[in-house]
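Novice: Sharing a structure with you now.
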Amino acid sequence: MDKPRKPSKLFLRFIKHVNIIRDHSRHDNVLINTSLYKHFADPNIDIDLDALTEELDFAIEYGYLFPDLRPNFGDHEDSFPEDPINMKILGKSLKKIMDFMEIGAPVGFMKYYQDYFKAPFEKTNKQFWEEVFKMRILD
């Protein structure tokens, strides 16, 4: 019987940042999630705001997004008290993972990744964002 593989330190660091992203995001806020996706993965997508006016007002009012839909990673004190999003921490962890993805993952890392996730390890793949980060992204 084969022993289960012990995850590498690199994979454990990846999971640490994935968990930070999951803990500091609002999985159901499609506008903020799609804005983050656009910022880090695909700057050419268009965000249809027709059905998202409440989310847009919320995101701008609490300083999560700028009016042009760019994420606001600065400090802002007007965070939603019941379910805050720490955009600064979220942005740092997303940047670390995106930078790592740009460099390319070693083969050993990918074996662990494939044990845990089905989504392709590609930052522009929406399935990656939805499965790994648990963020709903607009189609």
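By convention in this document, the chains of the structure tokens carry letters A, B, ... by their order, each chain's residues are numbered from 1, and ligands are numbered from 1 in the order they are shown.
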What are the DSSP alpha helix (DSSP H) residues of chain A, as an MDAnalysis selection string?
Specialist: chainID A and resid 9:23 30:40 53:61 87:103 107:116 126:132
Novice: For Glu54 in chain A, find every residue with an atom within 12 Å (counting only C-alpha atoms), except residues of its own chain fewer than 4 positions away, and show them as a list in words.
Specialist: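 In the requested format, the answer is Asn29, Val30, Leu31, Ile32, Leu49, Asp50, Phe58, Ala59, Ile60 and Glu61 of chain A.
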Novice: Print the selection's residues with N, CA and C atoms to a file, as a CSV table (one decimal), in the first residue's frame.
Specialist:
chain,number,residue,atom,x,y,z
A,29,ASN,N,-20.1,37.9,-3.7
A,29,ASN,CA,-20.1,39.3,-4.4
A,29,ASN,C,-19.4,39.2,-5.7
A,30,VAL,N,-20.2,38.9,-6.7
A,30,VAL,CA,-19.8,38.7,-8.1
A,30,VAL,C,-19.0,39.9,-8.6
A,31,LEU,N,-19.5,41.1,-8.3
A,31,LEU,CA,-18.8,42.3,-8.9
A,31,LEU,C,-17.4,42.4,-8.3
A,32,ILE,N,-17.2,42.4,-7.1
A,32,ILE,CA,-15.9,42.5,-6.5
A,32,ILE,C,-15.0,41.4,-7.0
A,49,LEU,N,-22.8,45.7,-15.9
A,49,LEU,CA,-23.3,46.2,-14.6
A,49,LEU,C,-24.8,46.3,-14.5
A,50,ASP,N,-25.5,45.9,-15.5
A,50,ASP,CA,-27.0,46.0,-15.5
A,50,ASP,C,-27.7,45.4,-14.3
A,58,PHE,N,-22.7,49.3,-3.2
A,58,PHE,CA,-22.0,48.7,-1.9
A,58,PHE,C,-20.5,48.8,-2.0
A,59,ALA,N,-20.0,48.3,-3.1
A,59,ALA,CA,-18.5,48.2,-3.3
A,59,ALA,C,-17.9,49.6,-3.3
A,60,ILE,N,-18.5,50.6,-3.9
A,60,ILE,CA,-17.9,51.9,-4.0
A,60,ILE,C,-18.1,52.6,-2.6
A,61,GLU,N,-19.3,52.5,-2.0
A,61,GLU,CA,-19.6,53.1,-0.7
A,61,GLU,C,-18.6,52.7,0.3
Novice: Write out as a short mmCIF file (atom, residue, chain, number, x, y, z; two decimals) with all heavy atoms, in the first residue's frame which residues come within 10 Å of Ala119 in chain A when counting only C-alpha atoms, dropping same-chain ones fewer than 2 positions away.
Specialist:
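Result went into part27.cif, see below:
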data_model
loop_
_atom_site.label_atom_id
_atom_site.label_comp_id
_atom_site.auth_asym_id
_atom_site.auth_seq_id
_atom_site.Cartn_x
_atom_site.Cartn_y
_atom_site.Cartn_z
N TYR A 113 -1.01 19.81 -6.51
CA TYR A 113 -2.13 20.63 -6.96
C TYR A 113 -3.21 19.74 -7.57
O TYR A 113 -4.39 19.87 -7.25
CB TYR A 113 -1.65 21.68 -7.98
CG TYR A 113 -2.78 22.50 -8.54
CD1 TYR A 113 -3.26 23.61 -7.87
CD2 TYR A 113 -3.40 22.14 -9.73
CE1 TYR A 113 -4.33 24.34 -8.36
CE2 TYR A 113 -4.45 22.86 -10.25
CZ TYR A 113 -4.92 23.96 -9.56
OH TYR A 113 -5.98 24.68 -10.05
N GLN A 114 -2.81 18.82 -8.43
CA GLN A 114 -3.78 17.95 -9.11
C GLN A 114 -4.44 16.97 -8.16
O GLN A 114 -5.53 16.48 -8.44
CB GLN A 114 -3.10 17.23 -10.27
CG GLN A 114 -2.75 18.20 -11.38
CD GLN A 114 -1.77 17.64 -12.40
OE1 GLN A 114 -1.13 16.62 -12.17
NE2 GLN A 114 -1.66 18.33 -13.52
N TYR A 116 -5.54 17.92 -5.27
CA TYR A 116 -6.53 18.72 -4.55
C TYR A 116 -7.55 19.41 -5.45
O TYR A 116 -8.67 19.66 -5.03
CB TYR A 116 -5.83 19.80 -3.71
CG TYR A 116 -5.16 19.25 -2.47
CD1 TYR A 116 -3.88 18.72 -2.54
CD2 TYR A 116 -5.81 19.25 -1.25
CE1 TYR A 116 -3.26 18.21 -1.41
CE2 TYR A 116 -5.20 18.74 -0.11
CZ TYR A 116 -3.93 18.22 -0.20
OH TYR A 116 -3.32 17.71 0.92
N PHE A 117 -7.15 19.79 -6.66
CA PHE A 117 -8.01 20.61 -7.53
C PHE A 117 -8.13 20.01 -8.92
O PHE A 117 -7.20 19.39 -9.42
CB PHE A 117 -7.44 22.03 -7.64
CG PHE A 117 -7.24 22.72 -6.33
CD1 PHE A 117 -5.98 22.90 -5.81
CD2 PHE A 117 -8.33 23.18 -5.59
CE1 PHE A 117 -5.78 23.53 -4.59
CE2 PHE A 117 -8.15 23.81 -4.37
CZ PHE A 117 -6.88 23.99 -3.87
N PHE A 121 -4.34 24.95 -13.80
CA PHE A 121 -3.52 25.91 -13.05
C PHE A 121 -3.16 27.08 -13.97
O PHE A 121 -2.05 27.22 -14.43
CB PHE A 121 -2.27 25.20 -12.52
CG PHE A 121 -1.47 26.01 -11.54
CD1 PHE A 121 -1.95 26.25 -10.26
CD2 PHE A 121 -0.23 26.53 -11.88
CE1 PHE A 121 -1.22 26.99 -9.35
CE2 PHE A 121 0.52 27.26 -10.97
CZ PHE A 121 0.02 27.49 -9.71
N GLU A 122 -4.19 27.89 -14.28
CA GLU A 122 -4.03 29.04 -15.18
C GLU A 122 -4.76 30.22 -14.59
O GLU A 122 -5.95 30.13 -14.29
CB GLU A 122 -4.61 28.72 -16.56
CG GLU A 122 -3.98 27.54 -17.25
CD GLU A 122 -4.79 27.07 -18.45
OE1 GLU A 122 -5.81 27.70 -18.78
OE2 GLU A 122 -4.40 26.05 -19.03
N ASN A 125 -8.09 31.29 -16.15
CA ASN A 125 -9.16 30.30 -16.18
C ASN A 125 -10.15 30.59 -15.05
O ASN A 125 -9.80 30.51 -13.87
CB ASN A 125 -8.55 28.90 -16.04
CG ASN A 125 -9.58 27.82 -16.22
OD1 ASN A 125 -10.54 27.72 -15.46
ND2 ASN A 125 -9.37 27.00 -17.24
N LYS A 126 -11.38 30.91 -15.42
CA LYS A 126 -12.39 31.24 -14.41
C LYS A 126 -12.67 30.06 -13.48
O LYS A 126 -12.96 30.25 -12.31
CB LYS A 126 -13.67 31.71 -15.08
CG LYS A 126 -13.56 33.07 -15.70
CD LYS A 126 -14.86 33.50 -16.34
CE LYS A 126 -14.68 34.83 -17.02
NZ LYS A 126 -15.90 35.24 -17.74
N GLN A 127 -12.57 28.86 -14.02
CA GLN A 127 -12.79 27.67 -13.18
C GLN A 127 -11.75 27.63 -12.07
O GLN A 127 -12.06 27.25 -10.93
CB GLN A 127 -12.70 26.40 -14.03
CG GLN A 127 -12.97 25.14 -13.23
CD GLN A 127 -12.74 23.88 -14.06
OE1 GLN A 127 -12.50 23.92 -15.26
NE2 GLN A 127 -12.83 22.74 -13.40
N PHE A 128 -10.51 28.04 -12.34
CA PHE A 128 -9.47 28.11 -11.32
C PHE A 128 -9.92 29.05 -10.19
O PHE A 128 -9.86 28.71 -9.02
CB PHE A 128 -8.15 28.59 -11.93
CG PHE A 128 -7.07 28.88 -10.91
CD1 PHE A 128 -6.27 27.86 -10.43
CD2 PHE A 128 -6.88 30.17 -10.42
CE1 PHE A 128 -5.28 28.11 -9.48
CE2 PHE A 128 -5.90 30.43 -9.48
CZ PHE A 128 -5.10 29.40 -9.01
N TRP A 129 -10.36 30.25 -10.55
CA TRP A 129 -10.79 31.23 -9.55
C TRP A 129 -11.98 30.71 -8.74
O TRP A 129 -12.05 30.91 -7.53
CB TRP A 129 -11.15 32.55 -10.24
CG TRP A 129 -9.94 33.32 -10.63
CD1 TRP A 129 -9.06 33.02 -11.64
CD2 TRP A 129 -9.45 34.51 -10.03
NE1 TRP A 129 -8.06 33.96 -11.69
CE2 TRP A 129 -8.28 34.89 -10.72
CE3 TRP A 129 -9.89 35.30 -8.98
CZ2 TRP A 129 -7.54 36.01 -10.37
CZ3 TRP A 129 -9.17 36.44 -8.64
CH2 TRP A 129 -8.00 36.77 -9.34
N GLU A 130 -12.91 30.07 -9.42
CA GLU A 130 -14.11 29.60 -8.72
C GLU A 130 -13.83 28.40 -7.83
O GLU A 130 -14.33 28.32 -6.71
CB GLU A 130 -15.21 29.31 -9.74
CG GLU A 130 -15.70 30.60 -10.38
CD GLU A 130 -16.74 30.41 -11.47
OE1 GLU A 130 -16.94 29.27 -11.94
OE2 GLU A 130 -17.35 31.42 -11.87
N GLU A 131 -13.00 27.47 -8.30
CA GLU A 131 -12.73 26.28 -7.49
C GLU A 131 -11.69 26.55 -6.41
O GLU A 131 -11.90 26.22 -5.25
CB GLU A 131 -12.22 25.14 -8.38
CG GLU A 131 -11.93 23.88 -7.59
CD GLU A 131 -11.33 22.76 -8.41
OE1 GLU A 131 -11.24 22.88 -9.65
OE2 GLU A 131 -10.93 21.76 -7.80
N VAL A 132 -10.59 27.17 -6.77
CA VAL A 132 -9.48 27.34 -5.82
C VAL A 132 -9.80 28.44 -4.81
O VAL A 132 -9.66 28.24 -3.61
CB VAL A 132 -8.16 27.62 -6.56
CG1 VAL A 132 -7.03 27.89 -5.58
CG2 VAL A 132 -7.80 26.43 -7.46
#
Novice: Excluding Met87 in chain A and residues on its chain fewer than 2 positions from it, collect all residues at most 9 Å away from it, counting only C-alpha atoms, and give them as an NGL selection string.
Specialist: :A and (24-25 or 64 or 71-76 or 85 or 89-92)
Novice: Which residue gives the smallest distance to Lys16 in chain A among A:Val107, A:Ser93, A:Phe100, A:Leu138, with only C-alpha atoms counted?
Specialist: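 Among the listed residues, A:Ser93 lies closest to Lys16 in chain A.
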Novice: Calculated over only C-alpha atoms, which of the candidates A:Leu52, A:Tyr112, A:Phe66, A:Ile45 has the smallest distance to Lys9 in chain A?
Specialist: A:Tyr112
